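Take a look at the structure set out below.
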Amino acid sequence: MTRFLNYTAVDPTINWERIDVIRQRLTKRQASLCSQRAVFYTQSFQESEVEPYIVRKAKAFAYTLEHMDLYIEPDSLFFGNQASKSFAAPIFPEYSIEWVIDELDGRNGATPFEQRTGDRFECDEATKKALYAIEPYWKGKTHQDQVQAHLSDTIRQAAKQGTLHLGGISMSGDGHIVIDHEMLLEKGLLGLIERAKKRQKIQKDPYDQAVEIVLTASLAFCERYACLLEDMANLEADPIRKKELEQMTHIAKTMLRGKARSFYEAIESVYMLHVLQMIESNGHSFCFGRFDQYMEPYYTEDLKRGTLNQDKALELITHFFLLCSTNNKVRPYGHTRFSQGYPLYSNLVVGGLKKDGSDGTNPLSYLCMEAMHQTRLAEPNFSMRYHARTPKPLLERAALLIRTGCGMPSLFNDEVAIKGLLDLGVDREDAYDYCPIGCVETGVPGKYGHRATGMTYVNWGKVLEIVLYHGKDPQTGIQLLSLKENYETYEQVWEAWEMALRFYSDLAVECDKICDASLEIYDADPLASCLIANSFELQKNAQRRRMQVRYHFPIQHWTVRGGQLVGRHQTKSL
């Protein structure tokens with residue numbers, strides 16, 4: 001087994017060697033494509049043509065959970081699969097399908113999935129056949145189709161120049177969300193189902209109908225696992241593994257129906273909702289938030305009961321971390337070439353100040369460090385908040401982990417991050433409770449629905465080249481700007497740079513607005529949204545509510561001053 005960073009295990013019943021076995025298996029895993037979700041969503045959509053889009057999404061989600069294959073990762077203490085096998089990536093045809101078809105066999109000059117130089121995906125003939133069969137239905141009906149129909153010719157020309165890259169939000173879901181895990185673990189899903197049913201008796205609303213459908217389907221999904229686990233337990237000859245499967249069966253039968261009853265069940269509930277979100281939408285950065293904070297009450301209570309010890313808690317956290325690396329997402333090769341490693345950006349953070357300003361470091365902060373050291377895989381995207389009063393032992397543990405070459409934890413300075421949120425008008429308690437979302441974005445867990453940054457990329461090096469060629473792209477010959485034919489002074493070059501900076505920045509904002517308008521429809525996410533503050537009350541999915549509900553953040557209208565982008569603020573609700 002891997003040596004601990006700074007921990008001494010004492011429980012002889014914990015199988016630490018098994019963790020190494022699972023980790024080694026995951027390091028050798030092969031990415032593949034799974035067509036099941038795509039096929040089931042297509043079948044469901046074909047039967048719901050006249051219904052509101054959010055209801056169609058909910059019914060397709062439920063149909064998929066009812067029919068998709070289930071499996072249990074060998075030797076794992078947790079369950080929940082996004083696709084039909086480990087590390088397989090589902091296909092989401094309602095967002096985009098054309099590029100997927102192109103890359104199956106290299107159509108239209110595309111690089112086939114299996115011939116990529118990085119982030120390769122195996123795809124068997126049965127999967128290809130299934131995807132080819134559904135392609136005709138989705139022509140003209142996807143999120144990408146909607147975006148493309150509304151792009152201006154200028155944006156298209158800028159993309160051909162290579163100055164703009166539309167990014168994932170033009171063809172996939174948004175993600176970048178942290179649900180209210182504390183509420184989820186305290187109340188479960190049954191209460192939300194009953195509230196949705198009650199409101200529908202007063203007034204029918206597509207949102208409430210969709211919420212009822214997806215939450216009911218989620219509970220039924222857990223029951224399917226209970227049946228599978230029970231069958232496996234009955235057939236298991238090893239008494240130790242048999243007991244583990246029986247315990248997992250018990251959790252699957254009752255989880256998410258009310259308050260989590262144990263630390264073990266709480267982790268499984270958090271992981272299951274993570275998987276369900278990744279079946280509902282193909283965005284990335286579905287994050288775990290402040291794991292050590294919302295899990296600490298369950299840990300402490302089980303220690304008092306005598307049903308848990310520190311070693312068992314570390315084993316559970318480590319198995320949970322390992323299972324995070326069985327999920328996957330496929331992106332177009334044009335995007336993947338610049339961000340390889342099959343990233344999901346599922347951020348999990350420990351440490352930092354609590355809502356009341358006191359230090360939030362607790363035993364789970366340290367155990368998560370040790371778990372990350374044991375797994376040393378890309379998921380979860382592990383982070384640590386720190387401040388002037390962070391205990392020195394936690395800082396040392398983080399330094400030890402970074403020194404191993406793990407690359408994590410990412411470190412977030414509370415003094416800087418909290419001030420930034422306060423300056424934007426976030427309530428004090430919420431600012432102190434922030435968490436990283438995805439890569440480096442900061443937001444409030446459970447109150448912050450989807451990305452708040454732009455996702456249309458601008459190639460500033462290319463913009464500079466165009467300035468030096470007086471507005472024309474030397475590669476394509478495309479000219480969108482009229483600049484001086486000759487620069488006689490450096491000041492004239494600088495003036496041209498400012499003009500180009502303004503022009504292409506404005507194009508990026510225009511492109512983002514087009515993508516976001518489409519996502520409000522196509523990224524309808526009743527499951528995730530009902531676990532975000534105010535979305536349920538307003539009967540709006542997280543995309544529709546993200547700029548209407550909680551905070552008034554200053555939106556930047558960019559101008560150029562002194563060669564730099566400068567924003568003038570306009571308040572807009574978020």
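In the structure tokens, chains take the letters A, B, ... in the order shown, each chain's residues start at 1, and ligands count up from 1 in the order shown.
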So which residues touch stretch 453-459 of chain A within 6 Å, counting only C-alpha atoms, skipping near sequence neighbours fewer than 4 positions away, as a PyMOL selection string? chain A and resi 163-167+508
Those same residues - N, CA, C and O atoms - I'd like them written as a CSV table (one decimal), in the first residue's frame.
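Resulting contents of selection-v7.csv:
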```csv
chain,number,residue,atom,x,y,z
A,163,THR,N,-9.6,34.0,-34.3
A,163,THR,CA,-9.6,34.9,-33.1
A,163,THR,C,-10.6,34.5,-32.1
A,163,THR,O,-10.4,34.8,-30.9
A,164,LEU,N,-11.7,33.9,-32.5
A,164,LEU,CA,-12.7,33.5,-31.5
A,164,LEU,C,-12.8,31.9,-31.6
A,164,LEU,O,-12.7,31.3,-32.6
A,165,HIS,N,-13.0,31.4,-30.4
A,165,HIS,CA,-13.4,29.9,-30.3
A,165,HIS,C,-14.6,29.9,-29.4
A,165,HIS,O,-14.6,30.3,-28.3
A,166,LEU,N,-15.7,29.3,-29.9
A,166,LEU,CA,-17.0,29.3,-29.2
A,166,LEU,C,-17.0,28.5,-27.9
A,166,LEU,O,-17.8,28.8,-27.1
A,167,GLY,N,-16.1,27.5,-27.8
A,167,GLY,CA,-16.0,26.8,-26.5
A,167,GLY,C,-17.2,25.8,-26.4
A,167,GLY,O,-18.1,25.7,-27.2
A,508,ALA,N,-17.0,38.5,-28.5
A,508,ALA,CA,-17.1,37.4,-27.5
A,508,ALA,C,-18.3,37.5,-26.6
A,508,ALA,O,-19.0,36.5,-26.4
```
Would you kindly return, as a ChimeraX atom specification, each protein, DNA or RNA residue with an atom no farther than 6 Å from any atom of A:Leu33, considering only C-alpha atoms and excluding same-chain residues fewer than 3 positions away? /A:88-89,123
When DSSP works through the backbone of this structure, what residues of stretch 203-343 of chain A end up as strand (DSSP E or B), shown as a ChimeraX atom specification? /A:284-286,289-290
Selection: 12 Å around A:Leu348, only C-alpha atoms, excl. self and same-chain fewer than 4 positions, as a PyMOL selection string: chain A and resi 177-178+270-271+274+285-294+317+320-321+324+344+365+368-369+372+378-385+408-411+434-440+445
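Shortest atom-to-atom contact with A:Asp506 among A:Thr404, A:Thr442, A:Thr154, A:Ser218: A:Thr154, counting only C-alpha atoms.
Here the question is which of A:Gly258, A:Pro332, A:Pro52, A:Gly352 gets nearest to A:Ile193 using only C-alpha atoms, and that residue is A:Gly258.
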